[in-house]
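Have a look at the structure below, then the notes.
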Amino acid sequence: MTRLILSRLAQIAVTAAILSLCAFLLIALMPGDPIDLAIAGDPRLTTEDAARLRALHGLDQPLMARYLAWAGAVLQGNFGHSRLFAQPVAQLLGPALLSSVKLLGLALAIAITVGVGLGGLAALKPRLAPAVQGLALFAQAVPSFWLGLLLIILFAVQLGWLPAGGDGGLSFLVLPVATLAFAHLASYARHAASALTAAMGEPHIRTARAHGAGEGRLLWRHALPNAGVPLLTIAALDAGALVSGALITETIFARPGMGKLIYDAVMGNDFNLALLALLVVAIMTMLATLAADLAQRWLDPRLSR
Amino acid sequence: MTGGMRAGLLLLAALGLAAIAAPLAADWLGHDPFLPDLFNRFEPLSAAHPLGTDDLGRDLLLRLLYGARVSLVVGLMAALAATLIGTVVGLLAAWRGGWIDAALMRLADGLLALPALPLLVILAALDPAVVGLPRGEAAADILRIAALLAAFGWVGVARLVRATALSVLAQDFVRAARAMGVGEGRILLRHVLPQLAAPIAIATALAVGGAVLAESVLSFLGLGIAPPAPSWGNMLANAQELIFQAPLAALWPGLAILLTVLGCNLVADGVARRR
């Protein structure tokens, strides 16, 4: 078990290192650097000034040397400054991460609760199964940024019940969470329906039924724990998609989370911030996937063998 | 054929036909979807403008149809490229095994574990001229976005193809063919590939839907197909800025994306059930 965790952590570190190298080189290859921008902003800068500035900031070094210097600084906890927000990057990442975790946690909890509830409904009442499958198919196909837009138009513009965007109390969370959760409940509903239907046919369920347990109790107490393991697989596979969804949701609803930070940084040409935020998001996603995998093994020790 | 698959194929056929017939509709309605007409901004639904007009007085139905061409072409190109790469990679991994298999699957795992959209947003914002692509024109945008989406889309295809190819390669008829001296290339192309038709079809259908969705997201964020060329994503971005003046304009492009993705998923589902 310890070996597994260590090797997975090593994999995450290697992936993050390769990702940072590729992204850094791609960004560095772009024409124009901060000194060019400074020249554009201040015409009095001479060519000698520009050359001196480049040497001062190490921009005249070869690409690999620049990457190593950057990576070394990041590993020592020196994330540099954001040009766009004129703040240290580290100070930007903390609040953004917190905001995203709040949005993602709530949306995930609601997606799993509603999805598994719908799946259980389909397993208990086979007549309702096609309706649940249909709803899941529909939910999977709805573009979430469109759903968010429609929710804003209906609840914020027409009815005026909820804020259209921004950050604040609980009312600011309702629409983004609903948007994100709707997109993700589909896969939980589909897999819960098939896993629960399969689990309801197992011998231990028949035994419990013969002992006189009610159908609802059979489903939630006896079938769900067994069906929970494949559902965790879905959760693990879903982590990346959920984070992607957060970028769209945060951008539409103007929530100051990691997704919007990356988007704003990209749009504002602040690639140091974008790169660091991307790395944080990628590492968090991979750690979440690892956590789901470990939980799965803990729940079903047969997987470890 | 299941009812769902029939419905899916019908949906996709209708959308494809509508995209092809866009110039006919333009002739018939007598508007130019690219020409601003500032005296007819925000027209309501009418016979002349079945879906009304946008902030520049351009007909929304025609822009929707021309947008279908862009969105569907990007989706198809990205999905076909992803299928081609994924099939080759999956087949190679299953056939050679060993360190090639391990290396390719590690790469696939790595790509799959990363959050795709934040990465795509950064990559889409990079200057295409650096890697030798022209910039600025609609055709260049289409190529750039399709290439980006294919670079991430092959992973799902490769995993599905590899899993099926592994089980096919272990079957007796493959061993019999090998024992009779059939060459490896012929075994892969004549004996293994046809068995992979169903998983490849499923993966392609899902990839088309995924690519159409991803293109619309990128265009919505202003990083995909740039206006004035219409795509469903940038039409929605435009509609978002006008939700007070023309709330209905946000409805149609999203509905078109929804129907496309739904059609693709229904087809994939139908193929999966037939196996």
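Each chain in the structure tokens gets a letter, A, B, ..., in the order shown, and its residues are numbered from 1; ligands are numbered from 1 in order too.
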Using only C-alpha atoms, find each residue in chain A having at least one atom no more than 8 Å away from chain B; report its shortest atom-to-atom pair and that distance in Å (one decimal), rows by chain then rising number, as JSON lines.
```
{"residue": "A:Thr15", "atom": "CA", "partner": "B:Gly110", "partner_atom": "CA", "distance": 6.3}
{"residue": "A:Leu26", "atom": "CA", "partner": "B:Leu126", "partner_atom": "CA", "distance": 7.7}
{"residue": "A:Ile27", "atom": "CA", "partner": "B:Leu126", "partner_atom": "CA", "distance": 7.0}
{"residue": "A:Leu29", "atom": "CA", "partner": "B:Val130", "partner_atom": "CA", "distance": 6.9}
{"residue": "A:Met30", "atom": "CA", "partner": "B:Val130", "partner_atom": "CA", "distance": 6.4}
{"residue": "A:Pro31", "atom": "CA", "partner": "B:Val130", "partner_atom": "CA", "distance": 7.8}
{"residue": "A:Leu137", "atom": "CA", "partner": "B:Leu262", "partner_atom": "CA", "distance": 7.1}
{"residue": "A:Phe138", "atom": "CA", "partner": "B:Leu262", "partner_atom": "CA", "distance": 6.8}
{"residue": "A:Gln140", "atom": "CA", "partner": "B:Leu262", "partner_atom": "CA", "distance": 7.9}
{"residue": "A:Ala141", "atom": "CA", "partner": "B:Leu262", "partner_atom": "CA", "distance": 5.2}
{"residue": "A:Val142", "atom": "CA", "partner": "B:Leu258", "partner_atom": "CA", "distance": 5.1}
{"residue": "A:Pro143", "atom": "CA", "partner": "B:Leu258", "partner_atom": "CA", "distance": 6.4}
{"residue": "A:Phe145", "atom": "CA", "partner": "B:Val217", "partner_atom": "CA", "distance": 7.4}
{"residue": "A:Trp146", "atom": "CA", "partner": "B:Gly254", "partner_atom": "CA", "distance": 5.6}
{"residue": "A:Leu149", "atom": "CA", "partner": "B:Gln240", "partner_atom": "CA", "distance": 6.9}
{"residue": "A:Leu150", "atom": "CA", "partner": "B:Ala250", "partner_atom": "CA", "distance": 7.4}
{"residue": "A:Ile153", "atom": "CA", "partner": "B:Ile243", "partner_atom": "CA", "distance": 6.6}
{"residue": "A:Val157", "atom": "CA", "partner": "B:Phe244", "partner_atom": "CA", "distance": 7.2}
{"residue": "A:Leu237", "atom": "CA", "partner": "B:Ala113", "partner_atom": "CA", "distance": 7.8}
{"residue": "A:Ala239", "atom": "CA", "partner": "B:Pro115", "partner_atom": "CA", "distance": 7.7}
{"residue": "A:Gly240", "atom": "CA", "partner": "B:Pro115", "partner_atom": "CA", "distance": 4.1}
{"residue": "A:Ala241", "atom": "CA", "partner": "B:Pro115", "partner_atom": "CA", "distance": 6.3}
{"residue": "A:Val243", "atom": "CA", "partner": "B:Pro115", "partner_atom": "CA", "distance": 6.0}
{"residue": "A:Ser244", "atom": "CA", "partner": "B:Leu117", "partner_atom": "CA", "distance": 4.8}
{"residue": "A:Gly245", "atom": "CA", "partner": "B:Leu117", "partner_atom": "CA", "distance": 7.9}
{"residue": "A:Leu247", "atom": "CA", "partner": "B:Pro118", "partner_atom": "CA", "distance": 6.9}
{"residue": "A:Ile248", "atom": "CA", "partner": "B:Val217", "partner_atom": "CA", "distance": 7.8}
{"residue": "A:Gly259", "atom": "CA", "partner": "B:Pro118", "partner_atom": "CA", "distance": 6.9}
{"residue": "A:Ile262", "atom": "CA", "partner": "B:Pro118", "partner_atom": "CA", "distance": 6.8}
{"residue": "A:Tyr263", "atom": "CA", "partner": "B:Val121", "partner_atom": "CA", "distance": 7.0}
{"residue": "A:Val266", "atom": "CA", "partner": "B:Ile122", "partner_atom": "CA", "distance": 6.2}
{"residue": "A:Met267", "atom": "CA", "partner": "B:Ala125", "partner_atom": "CA", "distance": 7.7}
{"residue": "A:Ala274", "atom": "CA", "partner": "B:Ile122", "partner_atom": "CA", "distance": 7.4}
{"residue": "A:Leu278", "atom": "CA", "partner": "B:Pro118", "partner_atom": "CA", "distance": 6.5}
{"residue": "A:Val281", "atom": "CA", "partner": "B:Pro115", "partner_atom": "CA", "distance": 7.5}
{"residue": "A:Ala282", "atom": "CA", "partner": "B:Leu114", "partner_atom": "CA", "distance": 5.5}
{"residue": "A:Thr285", "atom": "CA", "partner": "B:Leu114", "partner_atom": "CA", "distance": 6.9}
{"residue": "A:Met286", "atom": "CA", "partner": "B:Ala113", "partner_atom": "CA", "distance": 5.9}
{"residue": "A:Thr289", "atom": "CA", "partner": "B:Ala113", "partner_atom": "CA", "distance": 7.6}
```
Resulting file, chosen residues, N, CA and C atoms, as a short mmCIF file (atom, residue, chain, number, x, y, z; two decimals), in the first residue's frame:
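Dumped to part12.cif:
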```cif
data_model
loop_
_atom_site.label_atom_id
_atom_site.label_comp_id
_atom_site.auth_asym_id
_atom_site.auth_seq_id
_atom_site.Cartn_x
_atom_site.Cartn_y
_atom_site.Cartn_z
N THR A 15 4.58 13.94 -13.85
CA THR A 15 3.62 14.56 -14.76
C THR A 15 3.65 16.08 -14.63
N LEU A 26 6.55 26.41 -24.42
CA LEU A 26 5.58 26.94 -25.38
C LEU A 26 5.36 28.43 -25.17
N ILE A 27 5.21 28.81 -23.89
CA ILE A 27 4.94 30.21 -23.59
C ILE A 27 6.15 31.07 -23.91
N LEU A 29 8.35 30.55 -26.12
CA LEU A 29 8.59 30.65 -27.55
C LEU A 29 7.75 31.74 -28.21
N MET A 30 6.74 32.22 -27.48
CA MET A 30 5.87 33.25 -28.06
C MET A 30 6.67 34.51 -28.32
N PRO A 31 6.34 35.19 -29.41
CA PRO A 31 7.05 36.45 -29.68
C PRO A 31 6.68 37.50 -28.62
N LEU A 137 -29.15 11.03 -20.10
CA LEU A 137 -28.67 11.26 -21.46
C LEU A 137 -28.77 12.75 -21.80
N PHE A 138 -29.88 13.35 -21.40
CA PHE A 138 -30.12 14.77 -21.64
C PHE A 138 -29.11 15.61 -20.87
N GLN A 140 -26.25 14.85 -19.83
CA GLN A 140 -24.90 14.70 -20.33
C GLN A 140 -24.66 15.56 -21.57
N ALA A 141 -25.73 15.84 -22.32
CA ALA A 141 -25.57 16.55 -23.59
C ALA A 141 -25.70 18.06 -23.43
N VAL A 142 -26.25 18.53 -22.31
CA VAL A 142 -26.45 19.97 -22.15
C VAL A 142 -25.10 20.67 -21.97
N PRO A 143 -24.77 21.64 -22.82
CA PRO A 143 -23.53 22.39 -22.61
C PRO A 143 -23.67 23.23 -21.35
N PHE A 145 -22.12 25.76 -20.08
CA PHE A 145 -22.09 27.23 -20.13
C PHE A 145 -23.40 27.78 -20.66
N TRP A 146 -24.09 26.99 -21.49
CA TRP A 146 -25.40 27.41 -21.98
C TRP A 146 -26.43 27.34 -20.86
N LEU A 149 -26.01 30.23 -18.65
CA LEU A 149 -26.55 31.43 -19.28
C LEU A 149 -28.07 31.48 -19.15
N LEU A 150 -28.72 30.33 -19.42
CA LEU A 150 -30.18 30.29 -19.33
C LEU A 150 -30.63 30.54 -17.89
N ILE A 153 -30.41 34.17 -17.23
CA ILE A 153 -31.50 34.90 -17.89
C ILE A 153 -32.79 34.71 -17.13
N VAL A 157 -32.11 37.78 -14.54
CA VAL A 157 -32.57 38.89 -15.36
C VAL A 157 -34.10 39.01 -15.33
N LEU A 237 -12.52 9.26 -12.09
CA LEU A 237 -12.38 9.63 -13.50
C LEU A 237 -12.95 11.01 -13.77
N ALA A 239 -12.80 13.69 -11.86
CA ALA A 239 -12.16 14.82 -11.19
C ALA A 239 -11.69 15.88 -12.20
N GLY A 240 -11.04 15.43 -13.27
CA GLY A 240 -10.55 16.38 -14.26
C GLY A 240 -11.68 17.15 -14.92
N ALA A 241 -12.75 16.43 -15.27
CA ALA A 241 -13.89 17.06 -15.93
C ALA A 241 -14.55 18.08 -15.00
N VAL A 243 -13.12 19.84 -12.65
CA VAL A 243 -12.27 21.05 -12.59
C VAL A 243 -12.44 21.86 -13.87
N SER A 244 -12.52 21.15 -15.02
CA SER A 244 -12.78 21.85 -16.28
C SER A 244 -14.10 22.59 -16.21
N GLY A 245 -15.12 21.92 -15.67
CA GLY A 245 -16.43 22.53 -15.55
C GLY A 245 -16.38 23.77 -14.66
N LEU A 247 -14.00 25.88 -14.43
CA LEU A 247 -13.48 27.03 -15.17
C LEU A 247 -14.62 27.74 -15.91
N ILE A 248 -15.48 26.94 -16.58
CA ILE A 248 -16.59 27.55 -17.30
C ILE A 248 -17.54 28.24 -16.33
N GLY A 259 -10.37 28.60 -11.76
CA GLY A 259 -10.67 28.57 -13.19
C GLY A 259 -10.67 29.97 -13.77
N ILE A 262 -7.16 31.43 -13.97
CA ILE A 262 -6.41 30.97 -15.14
C ILE A 262 -6.89 31.71 -16.38
N TYR A 263 -8.20 31.81 -16.53
CA TYR A 263 -8.76 32.47 -17.70
C TYR A 263 -8.34 33.94 -17.76
N VAL A 266 -4.69 34.24 -18.64
CA VAL A 266 -4.42 34.00 -20.06
C VAL A 266 -4.85 35.20 -20.88
N MET A 267 -6.04 35.73 -20.57
CA MET A 267 -6.54 36.86 -21.34
C MET A 267 -5.68 38.10 -21.11
N ALA A 274 -0.73 32.20 -15.00
CA ALA A 274 -1.51 31.13 -15.63
C ALA A 274 -0.83 29.78 -15.44
N LEU A 278 -2.28 26.75 -13.28
CA LEU A 278 -2.53 25.49 -13.97
C LEU A 278 -1.86 24.34 -13.23
N VAL A 281 -3.76 23.52 -10.06
CA VAL A 281 -5.01 22.83 -10.38
C VAL A 281 -4.73 21.39 -10.81
N ALA A 282 -3.70 21.21 -11.65
CA ALA A 282 -3.40 19.87 -12.15
C ALA A 282 -2.98 18.95 -10.99
N THR A 285 -5.97 18.05 -8.89
CA THR A 285 -6.82 17.08 -9.57
C THR A 285 -6.23 15.68 -9.46
N MET A 286 -4.92 15.57 -9.69
CA MET A 286 -4.31 14.25 -9.63
C MET A 286 -4.34 13.70 -8.21
N THR A 289 -7.80 12.37 -7.61
CA THR A 289 -7.97 11.07 -8.25
C THR A 289 -7.31 9.98 -7.42
#
```
Who sits within 12 Å of Pro227 in chain B, only C-alpha atoms, same chain under 2 positions skipped, as a list in words: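 With the cut-off at 12 Å, the set is Phe34, Arg63, Gly67, Val70, Gly136, Glu137, Ala138, Asp141, Ser219, Phe220, Gly222, Leu223, Gly224, Ile225, Ala229, Pro230, Ser231, Trp232, Gly233, Asn234, Met235, Leu236, Ala237 and Asn238 of chain B.
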Would you mind listing what lies within 10 Å of Phe85 in chain A as a list in words, with only C-alpha atoms counted and same-chain residues fewer than 2 positions away left out?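 Listed by chain and then number, they are His81, Ser82, Arg83, Gln87, Pro88, Val89, Leu92, Asp264, Ala265, Gly268, Asp270 and Leu273 of chain A.
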Could those selected residues go to a file with C-alpha atoms, as a PDB file, in the first residue's frame?
```
ATOM      1  CA  HIS A  81       4.598  38.333  -8.946  1.00  0.00           C
ATOM      2  CA  SER A  82       1.509  38.585 -11.085  1.00  0.00           C
ATOM      3  CA  ARG A  83       1.824  41.369 -13.597  1.00  0.00           C
ATOM      4  CA  GLN A  87       0.390  41.085  -6.306  1.00  0.00           C
ATOM      5  CA  PRO A  88       2.532  38.119  -5.299  1.00  0.00           C
ATOM      6  CA  VAL A  89       1.162  35.021  -7.048  1.00  0.00           C
ATOM      7  CA  LEU A  92      -3.700  35.198  -5.312  1.00  0.00           C
ATOM      8  CA  ASP A 264      -8.101  36.045 -16.607  1.00  0.00           C
ATOM      9  CA  ALA A 265      -4.366  35.420 -16.524  1.00  0.00           C
ATOM     10  CA  GLY A 268      -4.289  39.399 -19.605  1.00  0.00           C
ATOM     11  CA  ASP A 270       0.089  37.043 -17.447  1.00  0.00           C
ATOM     12  CA  LEU A 273       0.312  33.341 -13.100  1.00  0.00           C
TER      13      LEU A 273
END
```
Pairwise distance for CA of Leu93 in chain A and CA of Asp238 in chain A, rounded to one decimal in Å: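 Pair CA of Leu93 in chain A / CA of Asp238 in chain A returns 23.1 Å.
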Report, in Å to a single decimal, how far apart CA of Ala139 in chain A and CA of Leu98 in chain A are.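 Straight-line distance from CA of Leu98 in chain A to CA of Ala139 in chain A works out to 27.4 Å.
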Show which residues sit within 7 Å of range 145-157 of chain B, as a compact mmCIF listing (two decimals) with all heavy atoms, in the first residue's frame. Count only C-alpha atoms, and ignore same-chain residues fewer than 3 positions away.
```
# COMPACT_ATOMS: atom_id res chain seq x y z
N VAL B 74 -15.26 21.39 -37.36
CA VAL B 74 -14.25 21.27 -36.29
C VAL B 74 -14.44 19.95 -35.55
O VAL B 74 -13.48 19.21 -35.31
CB VAL B 74 -14.35 22.46 -35.31
CG1 VAL B 74 -13.44 22.22 -34.12
CG2 VAL B 74 -13.97 23.74 -35.99
N MET B 77 -13.42 16.95 -37.85
CA MET B 77 -11.99 16.89 -38.09
C MET B 77 -11.25 16.44 -36.84
O MET B 77 -10.38 15.55 -36.89
CB MET B 77 -11.46 18.25 -38.54
CG MET B 77 -11.50 18.42 -40.06
SD MET B 77 -11.09 20.06 -40.64
CE MET B 77 -9.80 20.56 -39.57
N ALA B 78 -11.60 17.05 -35.71
CA ALA B 78 -10.93 16.70 -34.46
C ALA B 78 -11.18 15.22 -34.13
O ALA B 78 -10.26 14.50 -33.75
CB ALA B 78 -11.42 17.59 -33.32
N ALA B 79 -12.43 14.78 -34.31
CA ALA B 79 -12.76 13.40 -33.94
C ALA B 79 -12.08 12.41 -34.86
O ALA B 79 -11.57 11.38 -34.41
CB ALA B 79 -14.27 13.20 -33.97
N ALA B 81 -9.26 12.83 -36.57
CA ALA B 81 -7.83 12.81 -36.26
C ALA B 81 -7.59 12.06 -34.96
O ALA B 81 -6.67 11.24 -34.86
CB ALA B 81 -7.30 14.24 -36.17
N ALA B 82 -8.43 12.31 -33.96
CA ALA B 82 -8.27 11.64 -32.67
C ALA B 82 -8.45 10.13 -32.84
O ALA B 82 -7.72 9.34 -32.24
CB ALA B 82 -9.28 12.19 -31.65
N THR B 83 -9.42 9.73 -33.66
CA THR B 83 -9.66 8.30 -33.87
C THR B 83 -8.47 7.65 -34.55
O THR B 83 -8.03 6.56 -34.17
CB THR B 83 -10.91 8.10 -34.74
OG1 THR B 83 -11.99 8.79 -34.13
CG2 THR B 83 -11.24 6.64 -34.87
N ILE B 85 -5.25 8.68 -34.61
CA ILE B 85 -4.11 8.59 -33.69
C ILE B 85 -4.39 7.53 -32.63
O ILE B 85 -3.54 6.68 -32.34
CB ILE B 85 -3.86 9.95 -33.00
CG1 ILE B 85 -3.61 11.03 -34.04
CG2 ILE B 85 -2.68 9.86 -32.05
CD1 ILE B 85 -3.57 12.43 -33.46
N GLY B 86 -5.60 7.57 -32.06
CA GLY B 86 -5.94 6.65 -30.97
C GLY B 86 -5.91 5.21 -31.41
O GLY B 86 -5.44 4.33 -30.68
N THR B 87 -6.39 4.93 -32.63
CA THR B 87 -6.39 3.56 -33.11
C THR B 87 -4.97 3.05 -33.31
O THR B 87 -4.62 1.94 -32.89
CB THR B 87 -7.16 3.47 -34.45
OG1 THR B 87 -8.46 4.03 -34.25
CG2 THR B 87 -7.30 2.04 -34.90
N ALA B 108 -0.96 8.31 -21.83
CA ALA B 108 -2.42 8.44 -21.86
C ALA B 108 -2.97 8.72 -20.47
O ALA B 108 -3.81 9.60 -20.29
CB ALA B 108 -3.04 7.16 -22.42
N ASP B 141 -8.18 29.16 -37.79
CA ASP B 141 -8.78 28.92 -36.47
C ASP B 141 -9.31 27.50 -36.40
O ASP B 141 -9.12 26.79 -35.41
CB ASP B 141 -9.94 29.90 -36.23
CG ASP B 141 -9.45 31.19 -35.60
OD1 ASP B 141 -8.30 31.20 -35.14
OD2 ASP B 141 -10.22 32.15 -35.58
N ILE B 142 -10.02 27.10 -37.46
CA ILE B 142 -10.63 25.76 -37.48
C ILE B 142 -9.56 24.69 -37.34
O ILE B 142 -9.66 23.78 -36.53
CB ILE B 142 -11.44 25.58 -38.78
CG1 ILE B 142 -12.69 26.47 -38.74
CG2 ILE B 142 -11.84 24.12 -38.97
CD1 ILE B 142 -13.50 26.44 -40.01
N LEU B 160 -9.68 2.42 -25.35
CA LEU B 160 -10.73 1.48 -25.76
C LEU B 160 -10.18 0.49 -26.79
O LEU B 160 -10.42 -0.73 -26.71
CB LEU B 160 -11.89 2.28 -26.36
CG LEU B 160 -13.29 1.71 -26.21
CD1 LEU B 160 -13.59 1.45 -24.75
CD2 LEU B 160 -14.31 2.68 -26.77
N VAL B 161 -9.42 1.00 -27.77
CA VAL B 161 -8.87 0.13 -28.82
C VAL B 161 -7.88 -0.86 -28.22
O VAL B 161 -7.89 -2.05 -28.56
CB VAL B 161 -8.19 0.99 -29.92
CG1 VAL B 161 -7.31 0.14 -30.80
CG2 VAL B 161 -9.24 1.68 -30.75
N ILE B 200 -14.24 1.31 -32.09
CA ILE B 200 -13.78 2.53 -32.78
C ILE B 200 -14.98 3.42 -33.12
O ILE B 200 -14.93 4.64 -32.95
CB ILE B 200 -12.99 2.17 -34.05
CG1 ILE B 200 -11.66 1.53 -33.66
CG2 ILE B 200 -12.73 3.41 -34.90
CD1 ILE B 200 -10.84 1.06 -34.84
N ALA B 203 -16.13 5.11 -29.93
CA ALA B 203 -15.20 6.17 -29.51
C ALA B 203 -15.29 7.37 -30.44
O ALA B 203 -15.23 8.52 -29.99
CB ALA B 203 -13.77 5.62 -29.47
N ALA B 207 -16.33 11.06 -29.51
CA ALA B 207 -15.33 12.11 -29.74
C ALA B 207 -15.92 13.28 -30.52
O ALA B 207 -15.58 14.43 -30.26
CB ALA B 207 -14.12 11.53 -30.48
N ALA B 211 -15.88 16.93 -29.09
CA ALA B 211 -15.15 17.99 -29.78
C ALA B 211 -16.07 19.17 -30.08
O ALA B 211 -15.65 20.33 -29.96
CB ALA B 211 -14.53 17.45 -31.06
N GLU B 215 -15.18 22.74 -28.65
CA GLU B 215 -15.01 23.89 -29.55
C GLU B 215 -15.93 25.02 -29.11
O GLU B 215 -15.52 26.20 -29.08
CB GLU B 215 -15.33 23.48 -30.99
CG GLU B 215 -15.20 24.59 -32.02
CD GLU B 215 -16.44 25.46 -32.13
OE1 GLU B 215 -17.58 24.92 -32.10
OE2 GLU B 215 -16.30 26.68 -32.20
N GLY B 224 -11.49 30.41 -29.39
CA GLY B 224 -11.64 29.44 -30.46
C GLY B 224 -11.79 30.12 -31.80
O GLY B 224 -10.88 30.80 -32.26
```
CA of Val116 in chain A and CA of Lys102 in chain A are how many Å apart? 21.1 Å
Counting only C-alpha atoms, the option among B:Arg178, B:Arg186, B:His191, B:Arg144 closest to Ala165 in chain B: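 Checking each of B:Arg178, B:Arg186, B:His191, B:Arg144 against Ala165 in chain B, counting only C-alpha atoms, the winner is B:His191.
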Pick from A:Gly94, A:Ala55, A:Gly117, A:Pro163 nearest to Gly257 in chain A, counting only C-alpha atoms: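 Among the listed residues, A:Gly94 lies closest to Gly257 in chain A.
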Using DSSP on the backbone coordinates, identify all residues within range 212-256 of chain A classified as alpha helix (DSSP H); present the result as a PyMOL selection string. chain A and resi 215-217+224-252
Among range 30-157 of chain A, which residues carry a DSSP assignment of strand (DSSP E), reported as a count of residues only? 4
Between A:Val177, A:Leu294, A:Ala186, A:Ala195, which is the closest to Thr249 in chain A once you count only C-alpha atoms? A:Val177
Could you give me, as an MDAnalysis selection string, the residues within 8 Å of range 200-213 of chain A, counting only C-alpha atoms and dropping anything in the same chain fewer than 5 positions from it? chainID A and resid 123 218:219 222:223
For Ala163 in chain B, please output as number ranges by chain all residues within 10 Å (counting only C-alpha atoms; exclusion window: fewer than 2 positions along the same chain). B: 90-91, 93-94, 158-161, 165-168, 196, 199
Those selected residues, please, written with N, CA, C and O atoms and delivered as a PDB file, in the first residue's frame.
```pdb
ATOM      1  N   GLY B  90      -3.374   2.654 -29.788  1.00  0.00           N
ATOM      2  CA  GLY B  90      -3.949   1.536 -29.046  1.00  0.00           C
ATOM      3  C   GLY B  90      -3.524   0.200 -29.630  1.00  0.00           C
ATOM      4  O   GLY B  90      -3.172  -0.744 -28.905  1.00  0.00           O
ATOM      5  N   LEU B  91      -3.530   0.118 -30.949  1.00  0.00           N
ATOM      6  CA  LEU B  91      -3.155  -1.119 -31.625  1.00  0.00           C
ATOM      7  C   LEU B  91      -1.671  -1.423 -31.388  1.00  0.00           C
ATOM      8  O   LEU B  91      -1.289  -2.561 -31.084  1.00  0.00           O
ATOM      9  N   ALA B  93       0.193  -0.384 -28.914  1.00  0.00           N
ATOM     10  CA  ALA B  93       0.427  -0.723 -27.514  1.00  0.00           C
ATOM     11  C   ALA B  93       0.027  -2.174 -27.244  1.00  0.00           C
ATOM     12  O   ALA B  93       0.750  -2.922 -26.585  1.00  0.00           O
ATOM     13  N   ALA B  94      -1.126  -2.597 -27.790  1.00  0.00           N
ATOM     14  CA  ALA B  94      -1.594  -3.950 -27.533  1.00  0.00           C
ATOM     15  C   ALA B  94      -0.714  -4.967 -28.250  1.00  0.00           C
ATOM     16  O   ALA B  94      -0.464  -6.054 -27.746  1.00  0.00           O
ATOM     17  N   ALA B 158      -7.653   5.456 -27.746  1.00  0.00           N
ATOM     18  CA  ALA B 158      -6.518   4.541 -27.594  1.00  0.00           C
ATOM     19  C   ALA B 158      -6.782   3.516 -26.501  1.00  0.00           C
ATOM     20  O   ALA B 158      -6.501   2.322 -26.667  1.00  0.00           O
ATOM     21  N   ARG B 159      -7.350   3.958 -25.379  1.00  0.00           N
ATOM     22  CA  ARG B 159      -7.595   3.023 -24.276  1.00  0.00           C
ATOM     23  C   ARG B 159      -8.613   1.969 -24.665  1.00  0.00           C
ATOM     24  O   ARG B 159      -8.459   0.782 -24.377  1.00  0.00           O
ATOM     25  N   LEU B 160      -9.678   2.420 -25.352  1.00  0.00           N
ATOM     26  CA  LEU B 160     -10.730   1.481 -25.761  1.00  0.00           C
ATOM     27  C   LEU B 160     -10.183   0.488 -26.785  1.00  0.00           C
ATOM     28  O   LEU B 160     -10.420  -0.727 -26.706  1.00  0.00           O
ATOM     29  N   VAL B 161      -9.417   0.997 -27.773  1.00  0.00           N
ATOM     30  CA  VAL B 161      -8.868   0.134 -28.821  1.00  0.00           C
ATOM     31  C   VAL B 161      -7.877  -0.858 -28.222  1.00  0.00           C
ATOM     32  O   VAL B 161      -7.889  -2.046 -28.555  1.00  0.00           O
ATOM     33  N   ALA B 165      -8.230  -4.783 -28.498  1.00  0.00           N
ATOM     34  CA  ALA B 165      -7.194  -5.443 -29.294  1.00  0.00           C
ATOM     35  C   ALA B 165      -6.468  -6.505 -28.479  1.00  0.00           C
ATOM     36  O   ALA B 165      -6.124  -7.573 -28.998  1.00  0.00           O
ATOM     37  N   LEU B 166      -6.256  -6.220 -27.178  1.00  0.00           N
ATOM     38  CA  LEU B 166      -5.586  -7.208 -26.329  1.00  0.00           C
ATOM     39  C   LEU B 166      -6.372  -8.509 -26.305  1.00  0.00           C
ATOM     40  O   LEU B 166      -5.806  -9.597 -26.428  1.00  0.00           O
ATOM     41  N   SER B 167      -7.708  -8.402 -26.155  1.00  0.00           N
ATOM     42  CA  SER B 167      -8.508  -9.628 -26.063  1.00  0.00           C
ATOM     43  C   SER B 167      -8.574 -10.319 -27.422  1.00  0.00           C
ATOM     44  O   SER B 167      -8.585 -11.550 -27.491  1.00  0.00           O
ATOM     45  N   VAL B 168      -8.599  -9.539 -28.514  1.00  0.00           N
ATOM     46  CA  VAL B 168      -8.640 -10.175 -29.841  1.00  0.00           C
ATOM     47  C   VAL B 168      -7.314 -10.881 -30.116  1.00  0.00           C
ATOM     48  O   VAL B 168      -7.279 -12.019 -30.605  1.00  0.00           O
ATOM     49  N   LEU B 196     -12.281  -4.500 -34.301  1.00  0.00           N
ATOM     50  CA  LEU B 196     -12.279  -3.283 -33.496  1.00  0.00           C
ATOM     51  C   LEU B 196     -13.288  -2.258 -34.003  1.00  0.00           C
ATOM     52  O   LEU B 196     -13.399  -1.173 -33.441  1.00  0.00           O
ATOM     53  N   PRO B 199     -15.835  -0.821 -31.146  1.00  0.00           N
ATOM     54  CA  PRO B 199     -15.283   0.166 -30.196  1.00  0.00           C
ATOM     55  C   PRO B 199     -14.795   1.435 -30.877  1.00  0.00           C
ATOM     56  O   PRO B 199     -14.930   2.529 -30.313  1.00  0.00           O
TER      57      PRO B 199
END
```
